[in-house]
file data_16.cif (mmCIF, C-alpha atoms and all ligand atoms)
data_upload
loop_
_atom_site.label_atom_id
_atom_site.label_comp_id
_atom_site.auth_asym_id
_atom_site.auth_seq_id
_atom_site.Cartn_x
_atom_site.Cartn_y
_atom_site.Cartn_z
CA MET A 229 184.98 19.04 174.21
CA ILE A 230 187.95 19.50 171.95
CA PRO A 231 188.95 23.19 172.13
CA GLY A 232 188.88 25.08 168.84
CA ILE A 233 188.35 28.51 167.33
CA HIS A 234 186.92 30.10 164.23
CA ALA A 235 190.22 30.77 162.43
CA SER A 236 191.00 33.44 159.86
CA VAL A 237 191.84 32.27 156.33
CA ALA A 238 193.54 35.52 155.28
CA GLY A 239 196.52 34.41 153.19
CA GLY A 240 194.92 31.09 152.17
CA LEU A 241 192.99 28.23 153.73
CA ASP A 242 196.26 26.57 154.79
CA ARG A 243 197.15 29.63 156.89
CA ALA A 244 194.33 28.60 159.25
CA LEU A 245 196.05 25.24 159.78
CA ASP A 246 199.31 27.03 160.65
CA THR A 247 197.44 29.28 163.10
CA LEU A 248 195.68 26.35 164.79
CA THR A 249 198.98 24.46 165.09
CA GLU A 250 200.79 27.50 166.49
CA LEU A 251 198.01 27.96 169.06
CA GLY A 252 198.15 24.29 170.02
CA LEU A 253 194.50 23.63 169.03
CA LEU A 254 193.20 20.34 167.69
CA CYS A 255 190.18 21.70 165.85
CA GLY A 256 188.90 24.78 164.09
CA GLN A 257 186.24 26.30 161.89
CA ILE A 258 186.88 28.22 158.67
CA PHE A 259 185.07 29.92 155.82
CA THR A 260 186.18 28.01 152.70
CA SER A 261 184.99 30.95 150.59
CA ASN A 262 184.10 34.60 151.17
CA GLN A 263 181.07 34.45 153.46
CA GLN A 264 179.59 37.69 152.09
CA GLN A 265 179.73 36.73 148.40
CA TRP A 266 177.68 34.43 146.20
CA LYS A 267 180.57 33.61 143.94
CA GLY A 268 182.47 30.71 145.49
CA ARG A 269 186.23 30.51 145.24
CA SER A 270 188.05 27.42 144.04
CA VAL A 271 190.62 25.75 146.22
CA THR A 272 194.28 25.55 145.18
CA ALA A 273 196.37 22.38 144.83
CA ARG A 274 198.49 23.51 147.78
CA GLU A 275 195.42 23.95 149.99
CA ILE A 276 194.12 20.51 149.05
CA GLU A 277 197.49 18.92 149.80
CA ARG A 278 197.74 20.61 153.20
CA TYR A 279 194.16 19.77 154.18
CA ILE A 280 194.28 16.15 153.13
CA GLY A 281 197.43 15.61 155.18
CA ARG A 282 196.26 17.46 158.30
CA SER A 283 195.78 16.02 161.79
CA ILE A 284 193.43 18.82 162.91
CA THR A 285 189.63 18.46 162.79
CA VAL A 286 188.19 21.26 160.65
CA ILE A 287 184.57 22.21 160.04
CA SER A 288 183.44 24.90 157.65
CA HIS A 289 180.84 27.63 158.09
CA THR A 290 178.67 28.32 155.05
CA SER A 291 178.08 31.75 153.52
CA TYR A 292 175.87 34.14 155.49
CA LEU A 293 173.95 34.89 152.28
CA ILE A 294 172.41 31.42 151.98
CA ASN A 295 168.70 31.34 152.83
CA LEU A 296 167.08 28.03 151.94
CA ALA A 297 163.74 29.35 153.24
CA THR A 298 163.65 32.40 150.98
CA THR A 299 160.54 33.37 149.02
CA ASP A 300 162.72 35.05 146.35
CA LYS A 301 163.35 32.71 143.44
CA ARG A 302 166.73 34.20 142.51
CA VAL A 303 168.01 34.02 146.10
CA GLY A 304 166.70 30.45 146.32
CA LEU A 305 168.67 29.36 143.25
CA LEU A 306 171.82 31.15 144.39
CA SER A 307 171.48 29.66 147.89
CA ALA A 308 171.20 26.10 146.60
CA ALA A 309 174.11 26.56 144.17
CA THR A 310 176.30 28.10 146.90
CA LEU A 311 175.59 25.23 149.28
CA GLU A 312 176.32 22.68 146.54
CA THR A 313 179.70 24.20 145.75
CA GLU A 314 180.49 24.43 149.46
CA LEU A 315 179.98 20.66 149.78
CA GLU A 316 182.17 20.07 146.72
CA ARG A 317 184.99 22.22 148.12
CA MET A 318 184.69 20.36 151.44
CA ASN A 319 185.03 17.06 149.64
CA LEU A 320 188.29 18.23 148.02
CA LEU A 321 189.59 19.41 151.39
CA GLY A 322 188.48 16.35 153.35
CA ILE A 323 186.03 18.35 155.51
CA LYS A 324 183.01 16.39 156.69
CA TRP A 325 180.70 19.07 158.15
CA CYS A 326 179.60 22.57 157.29
CA VAL A 327 177.54 24.73 159.63
CA LEU A 328 174.41 26.20 158.07
CA HIS A 329 172.01 28.84 159.40
CA PRO A 330 168.66 27.23 158.60
CA GLY A 331 167.15 30.42 157.16
CA ALA A 332 164.45 33.08 157.45
CA HIS A 333 160.92 32.57 156.12
CA LEU A 334 160.41 36.30 155.35
CA GLY A 335 156.68 36.20 156.13
CA ALA A 336 155.76 32.85 154.55
CA GLY A 337 155.36 31.30 158.01
CA GLU A 338 157.61 29.09 160.13
CA GLU A 339 156.02 25.83 159.03
CA ASN A 340 156.50 26.69 155.34
CA GLY A 341 160.06 27.85 156.01
CA ILE A 342 161.02 24.61 157.73
CA LYS A 343 159.50 22.50 154.95
CA LYS A 344 161.30 24.48 152.27
CA ILE A 345 164.67 24.30 154.02
CA SER A 346 164.42 20.55 154.59
CA SER A 347 163.26 19.66 151.10
CA THR A 348 165.99 21.76 149.46
CA ALA A 349 168.68 20.42 151.79
CA ARG A 350 167.51 16.87 151.13
CA LYS A 351 167.72 17.35 147.35
CA ILE A 352 171.23 18.75 147.65
CA LEU A 353 172.44 16.09 150.07
CA LEU A 354 171.11 13.25 147.91
CA ASN A 355 173.60 14.34 145.24
CA SER A 356 176.44 15.62 147.41
CA PRO A 357 179.78 13.81 147.92
CA GLU A 358 179.49 10.87 150.30
CA ASN A 359 181.60 12.17 153.18
CA THR A 360 180.03 15.60 153.44
CA GLY A 361 177.04 16.88 155.35
CA ILE A 362 175.43 19.88 156.99
CA LEU A 363 174.96 20.89 160.59
CA TYR A 364 171.88 22.99 161.21
CA GLU A 365 172.87 25.72 163.67
CA ASN A 366 170.34 26.72 166.29
CA THR A 367 169.45 30.40 165.97
CA ALA A 368 168.62 33.22 168.39
CA GLY A 369 165.25 33.64 166.66
CA GLN A 370 165.98 37.12 165.36
CA GLY A 371 163.50 38.42 162.77
CA THR A 372 161.83 35.58 160.85
CA THR A 373 164.67 33.07 161.28
CA VAL A 374 163.66 29.51 162.13
CA GLY A 375 165.64 26.88 164.03
CA TYR A 376 165.50 28.71 167.39
CA SER A 377 163.52 26.03 169.20
CA PHE A 378 164.60 22.44 169.80
CA GLU A 379 161.30 21.31 168.27
CA GLN A 380 162.11 23.15 165.03
CA LEU A 381 165.60 21.64 164.93
CA ALA A 382 164.11 18.17 165.40
CA GLN A 383 161.66 18.87 162.58
CA LEU A 384 164.46 20.04 160.25
CA LEU A 385 166.41 16.83 160.87
CA GLU A 386 163.37 14.64 160.53
CA LEU A 387 162.10 16.19 157.31
CA THR A 388 165.55 16.31 155.71
CA ASP A 389 165.66 12.59 156.49
CA MET A 390 169.37 12.10 155.80
CA PRO A 391 170.65 10.95 159.22
CA GLU A 392 174.22 10.25 158.05
CA LYS A 393 174.56 13.65 156.40
CA THR A 394 172.92 15.92 158.95
CA GLY A 395 173.51 17.02 162.52
CA ILE A 396 173.35 20.03 164.81
CA CYS A 397 175.84 22.74 165.64
CA PHE A 398 174.78 23.96 169.09
CA ASP A 399 175.56 27.63 169.70
CA THR A 400 175.38 28.48 173.40
CA CYS A 401 174.80 32.21 172.82
CA HIS A 402 171.96 31.52 170.37
CA ALA A 403 170.26 28.96 172.66
CA PHE A 404 170.41 31.41 175.58
CA ALA A 405 169.09 34.28 173.45
CA ALA A 406 166.31 31.98 172.20
CA GLY A 407 165.15 31.46 175.79
CA TYR A 408 167.03 28.34 176.97
CA ASP A 409 168.75 29.15 180.24
CA LEU A 410 172.40 28.09 180.48
CA SER A 411 173.50 30.43 183.28
CA SER A 412 173.98 27.79 186.01
CA GLU A 413 174.92 24.12 186.21
CA GLY A 414 171.30 23.24 186.95
CA ALA A 415 170.09 25.27 183.97
CA VAL A 416 172.66 23.60 181.67
CA LEU A 417 171.49 20.16 182.80
CA GLU A 418 167.83 21.07 182.34
CA THR A 419 168.39 22.62 178.89
CA MET A 420 170.53 19.73 177.65
CA ASP A 421 167.96 17.22 178.96
CA LYS A 422 165.28 19.09 177.05
CA PHE A 423 167.49 18.98 173.95
CA ASP A 424 168.07 15.26 174.43
CA ASP A 425 164.33 14.54 174.73
CA THR A 426 163.47 16.63 171.64
CA VAL A 427 166.42 16.22 169.26
CA GLY A 428 168.90 13.80 170.85
CA LYS A 429 172.32 14.80 172.23
CA ASP A 430 174.00 12.40 169.80
CA ARG A 431 172.94 14.66 166.91
CA ILE A 432 175.29 17.42 168.12
CA LYS A 433 178.48 17.28 166.02
CA ALA A 434 179.89 20.69 167.05
CA PHE A 435 179.42 23.45 169.60
CA HIS A 436 179.89 27.16 169.22
CA ILE A 437 181.01 28.24 172.66
CA ASN A 438 180.02 31.89 172.97
CA ASP A 439 178.82 33.89 175.95
CA SER A 440 175.91 36.28 175.40
CA LYS A 441 175.76 40.06 175.75
CA LYS A 442 171.94 39.95 175.70
CA GLU A 443 169.45 38.45 178.14
CA CYS A 444 167.97 34.96 177.99
CA GLY A 445 164.97 35.10 175.65
CA SER A 446 166.05 38.44 174.10
CA HIS A 447 166.23 36.88 170.58
CA ARG A 448 169.31 39.05 170.01
CA ASP A 449 172.53 37.43 168.76
CA ARG A 450 175.45 39.26 170.37
CA HIS A 451 178.46 37.14 171.24
CA ALA A 452 180.47 37.96 174.35
CA CYS A 453 183.84 36.61 175.42
CA SER A 454 183.47 33.60 177.71
CA GLY A 455 182.86 34.76 181.26
CA GLU A 456 182.09 38.34 180.18
CA GLY A 457 178.44 37.78 179.29
CA LEU A 458 175.20 36.77 180.96
CA ILE A 459 175.88 33.00 180.76
CA GLY A 460 179.15 33.10 182.67
CA LEU A 461 182.29 30.99 182.68
CA GLU A 462 181.37 28.21 185.12
CA PRO A 463 178.25 26.95 183.28
CA LEU A 464 180.19 26.90 179.99
CA ARG A 465 183.00 24.94 181.70
CA PHE A 466 180.43 22.53 183.09
CA LEU A 467 178.88 21.98 179.64
CA ALA A 468 182.31 21.49 178.06
CA ARG A 469 183.15 18.80 180.62
CA MET A 470 179.97 16.76 180.14
CA PRO A 471 181.20 13.22 179.33
CA GLU A 472 178.95 12.78 176.27
CA PHE A 473 180.68 15.71 174.56
CA THR A 474 184.32 14.69 175.12
CA GLU A 475 184.99 14.15 171.41
CA ILE A 476 182.92 17.08 170.12
CA PRO A 477 184.61 20.29 168.85
CA GLY A 478 183.89 23.39 170.96
CA ILE A 479 184.56 26.38 168.74
CA ALA A 480 184.95 29.93 170.09
CA GLU A 481 183.41 32.58 167.83
CA THR A 482 184.13 35.36 170.28
CA PRO A 483 185.26 38.89 169.38
CA GLY A 484 188.90 39.74 168.67
CA THR A 485 191.77 37.94 166.97
CA ASP A 486 192.48 34.22 166.53
CA SER A 487 194.72 34.26 169.61
CA ASP A 488 192.02 36.10 171.63
CA ARG A 489 189.60 33.33 170.68
CA ALA A 490 192.16 30.68 171.66
CA GLU A 491 192.53 32.35 175.06
CA ASN A 492 188.72 32.36 175.34
CA ILE A 493 188.24 28.68 174.57
CA GLU A 494 191.11 27.68 176.84
CA LYS A 495 189.29 29.36 179.73
CA VAL A 496 186.36 27.03 179.04
CA VAL A 497 188.16 23.85 177.96
CA SER A 498 191.60 23.55 179.45
CA LEU A 499 194.09 22.08 177.01
ZN ZN B 501 176.81 30.62 162.52
ZN ZN B 502 175.85 34.16 166.64
#

call {"tool": "encode", "arguments": {"input": "data_16.cif", "output": "structure tokens", "more": "lines below"}}
Ligand SMILES: [Zn+2]
Ligand SMILES: [Zn+2]
result
Amino acid sequence: MIPGIHASVAGGLDRALDTLTELGLLCGQIFTSNQQQWKGRSVTAREIERYIGRSITVISHTSYLINLATTDKRVGLLSAATLETELERMNLLGIKWCVLHPGAHLGAGEENGIKKISSTARKILLNSPENTGILYENTAGQGTTVGYSFEQLAQLLELTDMPEKTGICFDTCHAFAAGYDLSSEGAVLETMDKFDDTVGKDRIKAFHINDSKKECGSHRDRHACSGEGLIGLEPLRFLARMPEFTEIPGIAETPGTDSDRAENIEKVVSL
């Protein structure tokens, strides 16, 4: 894996590039807009110039408010519009992938939720800029969220039916919380084999490397620093060294500051 962190954009999107460079990292994840607001921000000429000229791989994480599976019409319209503008901003910045939480069905049923997410995503991707796409992030399965099982992730990809514009962001904490053991080398191999049989390892375009404060199968999403949770450092190091993931970003979303996260990812993937 290529070591990276979720980097702060306080002071402008280009500040994240400075931070990543200062920390010696080759990739990172940012919010291109406030993740707690519907209203998207526009990017500045300076930000565009810096991003187009960069040598660092950057992915974006979409707003937490987006729920493509919602049963509320207003939220559905806002979610679609927010995802569309995200893809447009990414196009200006030369960012290929954004990470998306698939969504929560809010009582309509998992099957309905998955169908709704895929059909909306497909409509958006059919009209989105050519070099942009979304990565469905596996979830811990909290509440009515879907995308916690490998079967559901496979279904989302299949029904969206846009292979060039979709992929998976694999979050280790979420997979563990969803019931996939990752706490030993053997468990990592077994879980990744299961993923390969169901979804295909080649669909993973990014990892979120987080340890978990909660037990395997707890369905609770609580990130721990690498080596300080119930997964442990060695299995994460083993996963990061798997040859098929050499070119894939491994992003730390662990607690603390940007430099804390850099320290965390360097424990897992030595620079
Ligand atoms: Zn996420
Ligand atoms: Zn999480």

call {"tool": "residues_near_ligand", "arguments": {"input": "data_16.cif", "ligand": "ligand ZN 501 (chain B)", "cutoff": "8 Å", "atoms": "all atoms listed in the file", "output": "ChimeraX atom specification"}}
result
/A:289,292,327-329,365,399

call {"tool": "residues_near_ligand", "arguments": {"input": "data_16.cif", "ligand": "ligand ZN 502 (chain B)", "cutoff": "12 Å", "atoms": "all atoms listed in the file", "output": "MDAnalysis selection string"}}
result
chainID A and resid 289 292 327:329 365:370 376 397:406 435:442 447:452 479:483

call {"tool": "closest_residue", "arguments": {"input": "data_16.cif", "among": "A:Ser307, A:Ser346, A:Leu251, A:Ala297", "to": "Asp488 in chain A", "atoms": "only C-alpha atoms"}}
result
A:Leu251

call {"tool": "residues_around", "arguments": {"input": "data_16.cif", "residues": "range 253-268 of chain A", "least_positions_apart": "5", "cutoff": "10 Å", "atoms": "all atoms listed in the file", "output": "PyMOL selection string"}}
result
chain A and resi 230-237+240-241+244-245+247-248+283-294+303+306-307+309-311+313-314+317-318+321+325-327+434+436+476-481+490+493-494+499

call {"tool": "atom_distance", "arguments": {"input": "data_16.cif", "atom1": "CA of Thr372 in chain A", "atom2": "CA of Ala332 in chain A"}}
result
5.0 Å
